[in-house]
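**Student:** Input file: data_14.pdb. Contents: PDB, C-alpha atoms.
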```
MODEL        1
ATOM      1  CA  MET C   1     -23.124 -32.457  17.179
ATOM      2  CA  ALA C   2     -24.467 -33.676  20.538
ATOM      3  CA  VAL C   3     -22.276 -33.197  23.602
ATOM      4  CA  LYS C   4     -21.771 -36.146  25.941
ATOM      5  CA  ARG C   5     -21.814 -35.220  29.627
ATOM      6  CA  ILE C   6     -20.039 -36.938  32.519
ATOM      7  CA  ARG C   7     -21.093 -36.250  36.109
ATOM      8  CA  PHE C   8     -19.229 -37.494  39.188
ATOM      9  CA  ILE C   9     -21.214 -37.717  42.417
ATOM     10  CA  VAL C  10     -18.708 -37.776  45.274
ATOM     11  CA  THR C  11     -18.673 -37.801  49.054
ATOM     12  CA  GLY C  12     -15.394 -36.003  49.764
ATOM     13  CA  ASP C  13     -14.074 -32.469  49.409
ATOM     14  CA  LEU C  14     -10.865 -33.694  47.773
ATOM     15  CA  GLU C  15     -12.779 -35.599  45.115
ATOM     16  CA  ARG C  16     -15.064 -32.634  44.464
ATOM     17  CA  ALA C  17     -12.035 -30.397  44.003
ATOM     18  CA  ALA C  18      -9.798 -32.644  41.929
ATOM     19  CA  ILE C  19     -11.223 -35.935  40.633
ATOM     20  CA  VAL C  20     -12.185 -34.469  37.251
ATOM     21  CA  PRO C  21      -8.795 -32.897  36.401
ATOM     22  CA  SER C  22      -7.108 -35.972  37.846
ATOM     23  CA  VAL C  23      -8.708 -38.502  35.481
ATOM     24  CA  ARG C  24      -9.588 -36.287  32.524
ATOM     25  CA  ARG C  25      -5.929 -35.858  31.494
ATOM     26  CA  PHE C  26      -5.708 -39.522  30.503
ATOM     27  CA  LEU C  27      -8.824 -39.650  28.352
ATOM     28  CA  PRO C  28      -9.606 -38.103  24.944
ATOM     29  CA  ALA C  29     -11.644 -34.957  24.349
ATOM     30  CA  GLN C  30     -14.318 -36.890  22.484
ATOM     31  CA  THR C  31     -15.851 -40.345  22.403
ATOM     32  CA  TRP C  32     -15.080 -43.028  19.837
ATOM     33  CA  GLY C  33     -18.163 -41.815  17.945
ATOM     34  CA  GLY C  34     -16.731 -38.311  17.682
ATOM     35  CA  GLU C  35     -19.006 -36.581  20.207
ATOM     36  CA  PRO C  36     -17.283 -33.904  22.320
ATOM     37  CA  VAL C  37     -17.329 -34.554  26.073
ATOM     38  CA  GLU C  38     -18.213 -32.131  28.854
ATOM     39  CA  TRP C  39     -16.943 -32.989  32.330
ATOM     40  CA  MET C  40     -19.522 -31.438  34.620
ATOM     41  CA  LYS C  41     -18.764 -30.088  38.076
ATOM     42  CA  PRO C  42     -18.992 -32.961  40.600
ATOM     43  CA  GLN C  43     -21.888 -33.042  43.002
ATOM     44  CA  LYS C  44     -20.936 -33.659  46.639
ATOM     45  CA  LEU C  45     -23.096 -35.469  49.185
ATOM     46  CA  HIS C  46     -22.463 -36.752  52.681
ATOM     47  CA  GLY C  47     -20.501 -39.986  52.893
ATOM     48  CA  ALA C  48     -22.507 -43.187  53.144
ATOM     49  CA  THR C  49     -19.685 -45.413  54.400
ATOM     50  CA  THR C  50     -18.546 -43.575  57.519
ATOM     51  CA  HIS C  51     -20.146 -46.209  59.725
ATOM     52  CA  ARG C  52     -20.161 -49.999  59.748
ATOM     53  CA  LEU C  53     -22.616 -51.312  57.162
ATOM     54  CA  ASP C  54     -24.633 -54.300  58.302
ATOM     55  CA  PRO C  55     -25.701 -56.525  55.383
ATOM     56  CA  THR C  56     -28.824 -57.491  57.331
ATOM     57  CA  ARG C  57     -30.013 -53.898  57.748
ATOM     58  CA  PRO C  58     -31.764 -51.649  55.204
ATOM     59  CA  PRO C  59     -29.734 -48.886  53.561
ATOM     60  CA  SER C  60     -29.136 -45.744  55.616
ATOM     61  CA  GLN C  61     -30.506 -42.318  54.771
ATOM     62  CA  PRO C  62     -27.097 -41.138  53.427
ATOM     63  CA  MET C  63     -27.039 -44.185  51.149
ATOM     64  CA  ARG C  64     -30.596 -43.483  50.009
ATOM     65  CA  GLN C  65     -29.626 -39.858  49.327
ATOM     66  CA  LEU C  66     -26.626 -40.995  47.294
ATOM     67  CA  ALA C  67     -28.822 -43.299  45.211
ATOM     68  CA  ARG C  68     -31.478 -40.577  44.890
ATOM     69  CA  ALA C  69     -28.951 -38.078  43.550
ATOM     70  CA  ALA C  70     -27.608 -40.576  41.017
ATOM     71  CA  LEU C  71     -31.095 -41.515  39.881
ATOM     72  CA  ALA C  72     -32.080 -37.864  39.490
ATOM     73  CA  GLU C  73     -29.001 -37.179  37.370
ATOM     74  CA  VAL C  74     -29.701 -40.231  35.202
ATOM     75  CA  GLN C  75     -33.367 -39.399  34.779
ATOM     76  CA  TYR C  76     -33.508 -35.596  34.651
ATOM     77  CA  GLY C  77     -30.088 -33.949  35.042
ATOM     78  CA  ALA C  78     -29.271 -30.928  37.193
ATOM     79  CA  GLN C  79     -29.898 -28.515  34.304
ATOM     80  CA  GLY C  80     -32.721 -30.460  32.691
ATOM     81  CA  THR C  81     -30.448 -32.607  30.519
ATOM     82  CA  PRO C  82     -29.493 -36.022  31.918
ATOM     83  CA  ALA C  83     -25.801 -36.877  32.061
ATOM     84  CA  ASP C  84     -24.613 -39.605  29.709
ATOM     85  CA  LEU C  85     -22.357 -41.128  32.358
ATOM     86  CA  VAL C  86     -22.986 -40.817  36.101
ATOM     87  CA  VAL C  87     -20.161 -42.074  38.302
ATOM     88  CA  VAL C  88     -20.832 -42.354  42.023
ATOM     89  CA  LEU C  89     -17.499 -42.402  43.852
ATOM     90  CA  ASP C  90     -17.250 -43.183  47.562
ATOM     91  CA  ASP C  91     -14.486 -44.147  49.967
ATOM     92  CA  ILE C  92     -14.635 -47.590  51.526
ATOM     93  CA  GLU C  93     -13.384 -46.074  54.817
ATOM     94  CA  LEU C  94     -11.880 -48.086  57.656
ATOM     95  CA  HIS C  95     -15.355 -49.057  58.862
ATOM     96  CA  ASN C  96     -15.870 -51.301  55.819
ATOM     97  CA  LEU C  97     -12.349 -52.027  54.632
ATOM     98  CA  ASP C  98     -12.843 -55.743  55.226
ATOM     99  CA  ARG C  99     -16.277 -55.871  53.571
ATOM    100  CA  PRO C 100     -16.553 -53.682  50.457
ATOM    101  CA  ALA C 101     -19.273 -55.970  49.084
ATOM    102  CA  ALA C 102     -21.572 -54.641  51.815
ATOM    103  CA  ILE C 103     -21.311 -51.181  50.255
ATOM    104  CA  GLY C 104     -22.386 -52.497  46.880
ATOM    105  CA  GLN C 105     -25.250 -54.401  48.497
ATOM    106  CA  HIS C 106     -26.471 -51.311  50.344
ATOM    107  CA  PHE C 107     -26.223 -49.064  47.296
ATOM    108  CA  ARG C 108     -28.145 -51.495  45.106
ATOM    109  CA  ALA C 109     -30.821 -51.827  47.791
ATOM    110  CA  ALA C 110     -31.000 -48.032  48.086
ATOM    111  CA  MET C 111     -31.341 -47.680  44.322
ATOM    112  CA  GLN C 112     -34.095 -50.310  44.208
ATOM    113  CA  ALA C 113     -35.959 -48.504  46.974
ATOM    114  CA  GLU C 114     -35.638 -45.155  45.205
ATOM    115  CA  ILE C 115     -36.897 -46.599  41.915
ATOM    116  CA  GLU C 116     -39.901 -48.161  43.623
ATOM    117  CA  ALA C 117     -40.630 -44.943  45.542
ATOM    118  CA  ARG C 118     -41.195 -43.116  42.263
ATOM    119  CA  GLY C 119     -44.223 -45.253  41.438
ATOM    120  CA  HIS C 120     -43.610 -45.294  37.680
ATOM    121  CA  SER C 121     -45.617 -47.449  35.338
ATOM    122  CA  ALA C 122     -44.037 -50.726  34.315
ATOM    123  CA  THR C 123     -43.075 -49.289  30.930
ATOM    124  CA  VAL C 124     -41.451 -46.148  32.357
ATOM    125  CA  GLU C 125     -39.660 -48.138  35.054
ATOM    126  CA  ALA C 126     -38.287 -50.562  32.468
ATOM    127  CA  ARG C 127     -36.879 -47.654  30.448
ATOM    128  CA  LEU C 128     -35.366 -46.155  33.599
ATOM    129  CA  ARG C 129     -33.704 -49.444  34.495
ATOM    130  CA  ASP C 130     -32.294 -49.721  30.974
ATOM    131  CA  ARG C 131     -30.845 -46.234  31.289
ATOM    132  CA  LEU C 132     -29.304 -47.032  34.677
ATOM    133  CA  ARG C 133     -27.532 -50.049  33.162
ATOM    134  CA  GLU C 134     -26.232 -47.857  30.367
ATOM    135  CA  THR C 135     -25.194 -44.725  32.236
ATOM    136  CA  CYS C 136     -24.737 -45.162  36.019
ATOM    137  CA  SER C 137     -22.011 -46.848  38.039
ATOM    138  CA  LEU C 138     -20.696 -47.002  41.593
ATOM    139  CA  HIS C 139     -16.950 -47.038  42.207
ATOM    140  CA  LEU C 140     -15.102 -47.394  45.487
ATOM    141  CA  VAL C 141     -11.748 -46.182  46.791
ATOM    142  CA  PRO C 142      -9.946 -48.311  49.379
ATOM    143  CA  PRO C 143      -9.782 -46.973  51.984
ATOM    144  CA  MET C 144      -9.893 -43.382  50.666
ATOM    145  CA  ILE C 145      -8.632 -41.280  47.767
ATOM    146  CA  GLU C 146      -5.430 -40.161  49.548
ATOM    147  CA  SER C 147      -4.163 -43.742  49.206
ATOM    148  CA  TYR C 148      -3.175 -43.090  45.601
ATOM    149  CA  LEU C 149      -0.958 -40.127  46.472
ATOM    150  CA  PHE C 150       1.382 -42.617  48.157
ATOM    151  CA  GLY C 151       2.015 -44.220  44.781
ATOM    152  CA  ASP C 152       3.925 -41.182  43.510
ATOM    153  CA  ARG C 153       6.702 -39.407  45.394
ATOM    154  CA  ALA C 154       6.104 -36.183  43.466
ATOM    155  CA  ALA C 155       2.439 -36.177  44.526
ATOM    156  CA  LEU C 156       3.472 -36.470  48.168
ATOM    157  CA  ALA C 157       5.851 -33.557  47.694
ATOM    158  CA  VAL C 158       3.039 -31.441  46.262
ATOM    159  CA  ALA C 159       0.914 -32.400  49.270
ATOM    160  CA  GLY C 160       3.658 -31.097  51.564
ATOM    161  CA  CYS C 161       5.823 -34.110  52.395
ATOM    162  CA  ALA C 162       9.535 -33.228  52.560
ATOM    163  CA  ASP C 163      11.952 -35.103  50.301
ATOM    164  CA  ASP C 164      13.904 -36.480  53.267
ATOM    165  CA  ILE C 165      10.817 -38.017  54.907
ATOM    166  CA  ALA C 166       9.906 -41.274  53.208
ATOM    167  CA  PRO C 167       6.626 -43.082  53.901
ATOM    168  CA  GLN C 168       6.873 -46.592  55.285
ATOM    169  CA  LEU C 169       4.218 -48.917  53.860
ATOM    170  CA  ALA C 170       3.547 -52.618  54.212
ATOM    171  CA  HIS C 171       2.462 -53.089  50.582
ATOM    172  CA  ALA C 172       3.469 -51.728  47.207
ATOM    173  CA  ASP C 173      -0.184 -51.803  46.166
ATOM    174  CA  VAL C 174      -1.510 -48.566  47.662
ATOM    175  CA  GLU C 175      -5.059 -49.942  47.612
ATOM    176  CA  ARG C 176      -3.861 -52.195  50.450
ATOM    177  CA  PHE C 177      -2.653 -49.149  52.329
ATOM    178  CA  GLU C 178      -1.005 -49.848  55.671
ATOM    179  CA  SER C 179       1.721 -47.852  57.376
ATOM    180  CA  THR C 180       4.580 -49.592  59.189
ATOM    181  CA  ASP C 181       6.176 -46.305  60.249
ATOM    182  CA  GLU C 182       7.555 -46.725  63.777
ATOM    183  CA  ALA C 183       7.440 -42.958  64.294
ATOM    184  CA  TRP C 184       3.670 -43.086  63.773
ATOM    185  CA  ARG C 185       3.071 -46.346  65.655
ATOM    186  CA  PRO C 186       2.410 -44.791  69.115
ATOM    187  CA  PHE C 187      -0.338 -42.646  67.603
ATOM    188  CA  TRP C 188      -2.162 -45.364  65.698
ATOM    189  CA  GLU C 189      -1.887 -47.829  68.579
ATOM    190  CA  GLN C 190      -3.490 -45.242  70.857
ATOM    191  CA  VAL C 191      -6.317 -44.624  68.383
ATOM    192  CA  ASN C 192      -6.930 -48.349  67.883
ATOM    193  CA  ALA C 193      -7.116 -48.893  71.642
ATOM    194  CA  ALA C 194      -9.607 -46.035  71.987
ATOM    195  CA  LYS C 195     -11.790 -47.431  69.192
ATOM    196  CA  ARG C 196     -11.845 -50.854  70.822
ATOM    197  CA  ALA C 197     -12.870 -49.273  74.133
ATOM    198  CA  GLU C 198     -15.847 -47.419  72.642
ATOM    199  CA  LYS C 199     -19.411 -48.507  73.340
ATOM    200  CA  PRO C 200     -20.074 -50.374  71.141
ATOM    201  CA  PRO C 201     -16.455 -51.303  70.376
ATOM    202  CA  LYS C 202     -14.990 -51.042  66.877
ATOM    203  CA  PRO C 203     -12.620 -54.021  66.626
ATOM    204  CA  TRP C 204     -12.303 -53.589  62.855
ATOM    205  CA  TRP C 205     -10.687 -50.146  63.132
ATOM    206  CA  ARG C 206      -7.016 -50.089  62.042
ATOM    207  CA  GLU C 207      -5.685 -46.541  62.196
ATOM    208  CA  GLN C 208      -2.438 -47.641  60.494
ATOM    209  CA  CYS C 209      -4.566 -48.061  57.347
ATOM    210  CA  HIS C 210      -5.784 -44.436  57.339
ATOM    211  CA  PRO C 211      -3.916 -42.677  54.495
ATOM    212  CA  LYS C 212      -5.179 -39.158  55.185
ATOM    213  CA  HIS C 213      -4.163 -39.254  58.826
ATOM    214  CA  TYR C 214      -0.767 -40.682  57.913
ATOM    215  CA  LEU C 215      -0.273 -38.012  55.262
ATOM    216  CA  GLU C 216      -1.145 -35.351  57.829
ATOM    217  CA  HIS C 217       1.474 -36.889  60.124
ATOM    218  CA  LEU C 218       4.166 -36.852  57.407
ATOM    219  CA  VAL C 219       3.434 -33.260  56.438
ATOM    220  CA  HIS C 220       3.530 -32.244  60.116
ATOM    221  CA  ARG C 221       6.935 -33.934  60.450
ATOM    222  CA  SER C 222       7.964 -31.960  57.375
ATOM    223  CA  GLY C 223       7.139 -28.743  59.202
ATOM    224  CA  GLY C 224       3.896 -28.037  57.392
ATOM    225  CA  LEU C 225       0.146 -28.427  57.710
ATOM    226  CA  TYR C 226      -1.760 -30.561  55.212
ATOM    227  CA  THR C 227      -4.780 -28.836  53.647
ATOM    228  CA  GLU C 228      -7.010 -31.269  51.796
ATOM    229  CA  VAL C 229      -8.696 -28.925  49.325
ATOM    230  CA  LEU C 230      -5.467 -27.059  48.505
ATOM    231  CA  ASP C 231      -2.390 -29.277  48.874
ATOM    232  CA  GLY C 232      -4.299 -32.519  48.422
ATOM    233  CA  ALA C 233      -6.255 -31.207  45.452
ATOM    234  CA  ARG C 234      -3.101 -30.066  43.655
ATOM    235  CA  ALA C 235      -1.478 -33.431  44.293
ATOM    236  CA  LEU C 236      -4.485 -35.448  43.091
ATOM    237  CA  ALA C 237      -5.009 -33.258  40.029
ATOM    238  CA  ALA C 238      -1.426 -33.881  38.896
ATOM    239  CA  LEU C 239      -1.301 -37.586  39.846
ATOM    240  CA  PRO C 240       0.279 -39.685  37.033
ATOM    241  CA  TRP C 241      -2.147 -42.609  37.292
ATOM    242  CA  PRO C 242      -0.535 -44.797  34.592
ATOM    243  CA  ARG C 243       2.828 -44.557  36.367
ATOM    244  CA  LEU C 244       1.643 -45.677  39.789
ATOM    245  CA  PRO C 245       3.494 -48.817  40.930
ATOM    246  CA  ALA C 246       1.379 -51.756  39.874
ATOM    247  CA  ASP C 247       1.392 -55.283  38.577
ATOM    248  CA  THR C 248      -1.545 -56.961  36.859
ATOM    249  CA  ARG C 249      -3.261 -57.692  40.196
ATOM    250  CA  SER C 250      -2.864 -54.355  41.982
ATOM    251  CA  LEU C 251      -4.848 -51.120  41.700
ATOM    252  CA  ALA C 252      -7.938 -53.215  40.950
ATOM    253  CA  PHE C 253     -10.449 -50.597  42.143
ATOM    254  CA  ALA C 254      -8.732 -47.792  40.221
ATOM    255  CA  ARG C 255      -8.480 -49.992  37.142
ATOM    256  CA  SER C 256     -12.228 -50.645  37.409
ATOM    257  CA  LEU C 257     -12.936 -46.911  37.432
ATOM    258  CA  PHE C 258     -10.726 -46.279  34.425
ATOM    259  CA  GLU C 259     -12.160 -49.332  32.638
ATOM    260  CA  ASP C 260     -15.615 -47.815  33.042
ATOM    261  CA  LEU C 261     -14.457 -44.442  31.724
ATOM    262  CA  ALA C 262     -12.493 -46.058  28.891
ATOM    263  CA  ALA C 263     -15.547 -48.085  27.847
ATOM    264  CA  PHE C 264     -17.576 -44.874  27.664
ATOM    265  CA  PHE C 265     -14.962 -43.257  25.407
ATOM    266  CA  GLY C 266     -14.297 -46.419  23.413
ATOM    267  CA  VAL C 267     -10.561 -46.459  24.180
ATOM    268  CA  ALA C 268      -8.116 -48.734  25.978
ATOM    269  CA  ASN C 269      -7.773 -48.491  29.732
ATOM    270  CA  PRO C 270      -5.142 -45.808  30.490
ATOM    271  CA  LEU C 271      -3.819 -47.974  33.338
ATOM    272  CA  GLY C 272      -3.039 -50.786  30.935
ATOM    273  CA  ALA C 273      -3.877 -54.461  31.150
ATOM    274  CA  GLY C 274      -4.627 -55.994  34.512
ATOM    275  CA  GLU C 275      -7.318 -57.310  36.790
ATOM    276  CA  THR C 276     -10.289 -55.173  37.712
ATOM    277  CA  CYS C 277     -12.214 -55.568  40.954
ATOM    278  CA  PRO C 278     -15.099 -57.971  40.232
ATOM    279  CA  LEU C 279     -17.323 -55.945  42.557
ATOM    280  CA  THR C 280     -16.971 -52.718  40.545
ATOM    281  CA  TRP C 281     -16.166 -54.000  37.049
ATOM    282  CA  PRO C 282     -17.156 -57.641  36.514
ATOM    283  CA  ASP C 283     -15.750 -59.932  33.881
ATOM    284  CA  THR C 284     -16.940 -59.204  30.346
ATOM    285  CA  ARG C 285     -18.597 -62.626  30.288
ATOM    286  CA  VAL C 286     -21.117 -61.444  32.889
ATOM    287  CA  ASP C 287     -24.483 -60.731  31.245
ATOM    288  CA  ARG C 288     -24.904 -56.969  31.695
ATOM    289  CA  ARG C 289     -28.680 -57.393  31.433
ATOM    290  CA  SER C 290     -28.564 -59.040  34.872
ATOM    291  CA  LEU C 291     -27.009 -55.935  36.472
ATOM    292  CA  LEU C 292     -28.743 -52.955  38.023
ATOM    293  CA  LEU C 293     -25.980 -50.487  37.076
ATOM    294  CA  ARG C 294     -23.271 -50.385  34.418
ATOM    295  CA  ASN C 295     -20.924 -52.242  36.728
ATOM    296  CA  MET C 296     -22.915 -54.123  39.391
TER
ENDMDL
END
```
Mind turning the file's structure into structure tokens?

**Tutor:**
Amino acid sequence: MAVKRIRFIVTGDLERAAIVPSVRRFLPAQTWGGEPVEWMKPQKLHGATTHRLDPTRPPSQPMRQLARAALAEVQYGAQGTPADLVVVLDDIELHNLDRPAAIGQHFRAAMQAEIEARGHSATVEARLRDRLRETCSLHLVPPMIESYLFGDRAALAVAGCADDIAPQLAHADVERFESTDEAWRPFWEQVNAAKRAEKPPKPWWREQCHPKHYLEHLVHRSGGLYTEVLDGARALAALPWPRLPADTRSLAFARSLFEDLAAFFGVANPLGAGETCPLTWPDTRVDRRSLLLRNM
């Protein structure tokens, strides 16, 4: 029986270390058709969202490299066998927290440019585009993967946060991450002021919305030192996604990711019913033939 392969392409060390064990626990060992599934080791590239993306500018080299890696995995595969599902996963970052659609626009433009650069015949290109729509997707994490650790007190403990130090957040939905911790306020106000004084200034920067830096602060107050690929990886790998605080309108980006994975397996979304993010998992009434990827 044929094995179905899933490949994540990520831009962070934490995702490379732990995204597969984190999500795999909530999905079956085989697809609805009975094929066994192999979760391949994630491929890590440089982040493509660590600067402000201008919708009027062409995609950057990191964005082109991200699209190139996804296209290569869809078309050829790292070991000569293409993956059956290629999931590109990138943080939105504070630079683009107010404009995630710009990331999707840049990635689509990068993918179009990479397809055209290959110079395939019309027939081969049409087959490649069909395969992209079937097997490749881009998913985003607002503002970064550490946000989700704040949805589970046990995950924070694994990351090194003491039981008597409670995070202070403005929203229950961790995808709208924002700290209101007065003990951290002097730090983030100082960082924000420095960002606004840079040349050119970065008025969009809001350090209070940086989950990794806040987690580092909490662990430091707990008497420890946060290590992303050790403490963070253990916390993410054990994260109970279906138990994260949520209503039907929260966790939309995470629900989109799990909706994509669930569709591949032919099962219900492990996060349950709720709204997905239209950018990364559009309504089922959208004609998928009009999309470039599985989800956009």

**Student:** My list of candidates is C:Pro211, C:Gly232, C:Gly151, C:Gly272. Which is closest to Leu94 in chain C when distances are computed with only C-alpha atoms?

**Tutor:**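 That would be C:Pro211, the residue with the smallest distance to Leu94 in chain C.
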
**Student:** Please expand the PyMOL selection byres ((chain C and resi 42-48) around 10) into the concrete residues it hits in this file, giving the result as a ChimeraX atom specification.

**Tutor:** /C:6-13,15-20,39-41,49-53,59-66,69-70,73,78,86-93,103,106-107

**Student:** Work out how far CA of Glu134 in chain C is from CA of Arg285 in chain C, in Å to one decimal.

**Tutor:**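 Separation of CA of Arg285 in chain C and CA of Glu134 in chain C: 16.6 Å.
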
**Student:** Select, from C:Glu125, C:Glu259, C:Asp163, C:Glu207, the residue with the minimum atom-to-atom distance to Pro143 in chain C, counting all atoms listed in the file.

**Tutor:** C:Glu207

**Student:** Applied to this file, what does the PyMOL selection byres ((chain C and resi 246) around 12) return in terms of residues, put as a PDB file with C-alpha atoms, in the coordinates of the input?

**Tutor:**
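Contents of the output file out-v8.pdb:
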```pdb
ATOM      1  CA  TYR C 148      -3.175 -43.090  45.601  1.00  0.00           C
ATOM      2  CA  GLY C 151       2.015 -44.220  44.781  1.00  0.00           C
ATOM      3  CA  ASP C 152       3.925 -41.182  43.510  1.00  0.00           C
ATOM      4  CA  HIS C 171       2.462 -53.089  50.582  1.00  0.00           C
ATOM      5  CA  ALA C 172       3.469 -51.728  47.207  1.00  0.00           C
ATOM      6  CA  ASP C 173      -0.184 -51.803  46.166  1.00  0.00           C
ATOM      7  CA  VAL C 174      -1.510 -48.566  47.662  1.00  0.00           C
ATOM      8  CA  GLU C 175      -5.059 -49.942  47.612  1.00  0.00           C
ATOM      9  CA  ARG C 176      -3.861 -52.195  50.450  1.00  0.00           C
ATOM     10  CA  TRP C 241      -2.147 -42.609  37.292  1.00  0.00           C
ATOM     11  CA  PRO C 242      -0.535 -44.797  34.592  1.00  0.00           C
ATOM     12  CA  ARG C 243       2.828 -44.557  36.367  1.00  0.00           C
ATOM     13  CA  LEU C 244       1.643 -45.677  39.789  1.00  0.00           C
ATOM     14  CA  PRO C 245       3.494 -48.817  40.930  1.00  0.00           C
ATOM     15  CA  ASP C 247       1.392 -55.283  38.577  1.00  0.00           C
ATOM     16  CA  THR C 248      -1.545 -56.961  36.859  1.00  0.00           C
ATOM     17  CA  ARG C 249      -3.261 -57.692  40.196  1.00  0.00           C
ATOM     18  CA  SER C 250      -2.864 -54.355  41.982  1.00  0.00           C
ATOM     19  CA  LEU C 251      -4.848 -51.120  41.700  1.00  0.00           C
ATOM     20  CA  ALA C 252      -7.938 -53.215  40.950  1.00  0.00           C
ATOM     21  CA  ALA C 254      -8.732 -47.792  40.221  1.00  0.00           C
ATOM     22  CA  ARG C 255      -8.480 -49.992  37.142  1.00  0.00           C
ATOM     23  CA  LEU C 271      -3.819 -47.974  33.338  1.00  0.00           C
ATOM     24  CA  GLY C 272      -3.039 -50.786  30.935  1.00  0.00           C
ATOM     25  CA  ALA C 273      -3.877 -54.461  31.150  1.00  0.00           C
ATOM     26  CA  GLY C 274      -4.627 -55.994  34.512  1.00  0.00           C
ATOM     27  CA  GLU C 275      -7.318 -57.310  36.790  1.00  0.00           C
TER      28      GLU C 275
END
```

**Student:** Looking at all atoms listed in the file, which of C:Leu169, C:Ala154, C:Ala122, C:Leu292 is the one that sits closest to Ala110 in chain C?

**Tutor:**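 Among C:Leu169, C:Ala154, C:Ala122, C:Leu292, it is C:Leu292 that comes nearest to Ala110 in chain C.
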
**Student:** Specify as a PyMOL selection string each residue included when the PyMOL selection byres ((chain C and resi 35) around 12) is applied to this file.

**Tutor:** chain C and resi 1-5+28-34+36-38+84+264-266

**Student:** Keeping C-alpha atoms, export the residues of the selection given above as a tab-separated table (two decimals), keeping the file's coordinate frame.

**Tutor:**
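This went into again30.tsv:
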```tsv
chain	number	residue	atom	x	y	z
C	1	MET	CA	-23.12	-32.46	17.18
C	2	ALA	CA	-24.47	-33.68	20.54
C	3	VAL	CA	-22.28	-33.20	23.60
C	4	LYS	CA	-21.77	-36.15	25.94
C	5	ARG	CA	-21.81	-35.22	29.63
C	28	PRO	CA	-9.61	-38.10	24.94
C	29	ALA	CA	-11.64	-34.96	24.35
C	30	GLN	CA	-14.32	-36.89	22.48
C	31	THR	CA	-15.85	-40.34	22.40
C	32	TRP	CA	-15.08	-43.03	19.84
C	33	GLY	CA	-18.16	-41.82	17.94
C	34	GLY	CA	-16.73	-38.31	17.68
C	36	PRO	CA	-17.28	-33.90	22.32
C	37	VAL	CA	-17.33	-34.55	26.07
C	38	GLU	CA	-18.21	-32.13	28.85
C	84	ASP	CA	-24.61	-39.60	29.71
C	264	PHE	CA	-17.58	-44.87	27.66
C	265	PHE	CA	-14.96	-43.26	25.41
C	266	GLY	CA	-14.30	-46.42	23.41
```

**Student:** Record the distance separating CA of Phe258 in chain C and CA of Phe26 in chain C, expressed in Å with one decimal.

**Tutor:**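 Atom-to-atom, CA of Phe258 in chain C to CA of Phe26 in chain C, that is 9.3 Å.
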
**Student:** Let me make sure I understand: among C:Asn295, C:Gln112, C:Gln190, C:Gln105, which one has the smallest atom-to-atom distance to Ala263 in chain C if we use all atoms listed in the file?

**Tutor:**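 Comparing C:Asn295, C:Gln112, C:Gln190, C:Gln105 against Ala263 in chain C, the winner is C:Asn295.
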
**Student:** Just how far from CA of Ser22 in chain C is CA of Leu97 in chain C, in Å to one decimal?

**Tutor:**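 If I compute the distance from CA of Leu97 in chain C to CA of Ser22 in chain C, I get 23.8 Å.
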
**Student:** In terms of the shortest atom-to-atom distance over all atoms listed in the file, which of C:Ala67, C:His220, C:Arg133, C:Leu279 is closest to Ile115 in chain C?

**Tutor:**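 Of C:Ala67, C:His220, C:Arg133, C:Leu279, the one nearest Ile115 in chain C is C:Ala67, counting all atoms listed in the file.
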
**Student:** If I put a ball of radius 10 Å at (-31.1, -38.1, 34.6) in the file's coordinates, which residues poke into it when counting all atoms listed in the file, written as an MDAnalysis selection string?

**Tutor:** chainID C and resid 69:86 128 131:132 135:136

**Student:** Write out as a ChimeraX atom specification each polymer residue whose atoms come within 12 Å of Leu156 in chain C, counting only C-alpha atoms; drop sequence neighbours fewer than 6 positions from it.

**Tutor:** /C:146-150,162-167,211-212,214-216,218-219,222,226,231-236,238-239

**Student:** Taking all atoms listed in the file into account, which of C:Arg57, C:His210, C:His120, C:Arg127 comes nearest Asn192 in chain C?

**Tutor:**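 The closest residue to Asn192 in chain C is C:His210.
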
**Student:** Padding 6 Å on every side, please: axis-aligned box over the listed atoms of range 254-270 of chain C, centre and edge lengths to one decimal in Å, as AutoDock Vina command-line options.

**Tutor:**
```
--center_x -11.4 --center_y -47.0 --center_z 31.8 --size_x 24.4 --size_y 19.4 --size_z 28.8
```

**Student:** N, CA and C atoms are needed for range 252-259 of chain C; please write them out as an mmCIF file, keeping the file's coordinate frame.

**Tutor:**
```cif
data_model
loop_
_atom_site.group_PDB
_atom_site.id
_atom_site.type_symbol
_atom_site.label_atom_id
_atom_site.label_comp_id
_atom_site.auth_asym_id
_atom_site.auth_seq_id
_atom_site.Cartn_x
_atom_site.Cartn_y
_atom_site.Cartn_z
ATOM 1 N N ALA C 252 -6.747 -52.633 41.580
ATOM 2 C CA ALA C 252 -7.938 -53.215 40.950
ATOM 3 C C ALA C 252 -9.136 -52.260 40.976
ATOM 4 N N PHE C 253 -9.318 -51.531 42.074
ATOM 5 C CA PHE C 253 -10.449 -50.597 42.143
ATOM 6 C C PHE C 253 -10.245 -49.423 41.193
ATOM 7 N N ALA C 254 -9.017 -48.889 41.147
ATOM 8 C CA ALA C 254 -8.732 -47.792 40.221
ATOM 9 C C ALA C 254 -8.848 -48.261 38.782
ATOM 10 N N ARG C 255 -8.386 -49.464 38.508
ATOM 11 C CA ARG C 255 -8.480 -49.992 37.142
ATOM 12 C C ARG C 255 -9.944 -50.176 36.739
ATOM 13 N N SER C 256 -10.797 -50.531 37.695
ATOM 14 C CA SER C 256 -12.228 -50.645 37.409
ATOM 15 C C SER C 256 -12.811 -49.297 37.012
ATOM 16 N N LEU C 257 -12.444 -48.252 37.753
ATOM 17 C CA LEU C 257 -12.936 -46.911 37.432
ATOM 18 C C LEU C 257 -12.495 -46.497 36.034
ATOM 19 N N PHE C 258 -11.218 -46.680 35.738
ATOM 20 C CA PHE C 258 -10.726 -46.279 34.425
ATOM 21 C C PHE C 258 -11.265 -47.190 33.322
ATOM 22 N N GLU C 259 -11.549 -48.438 33.632
ATOM 23 C CA GLU C 259 -12.160 -49.332 32.638
ATOM 24 C C GLU C 259 -13.552 -48.829 32.269
#
```
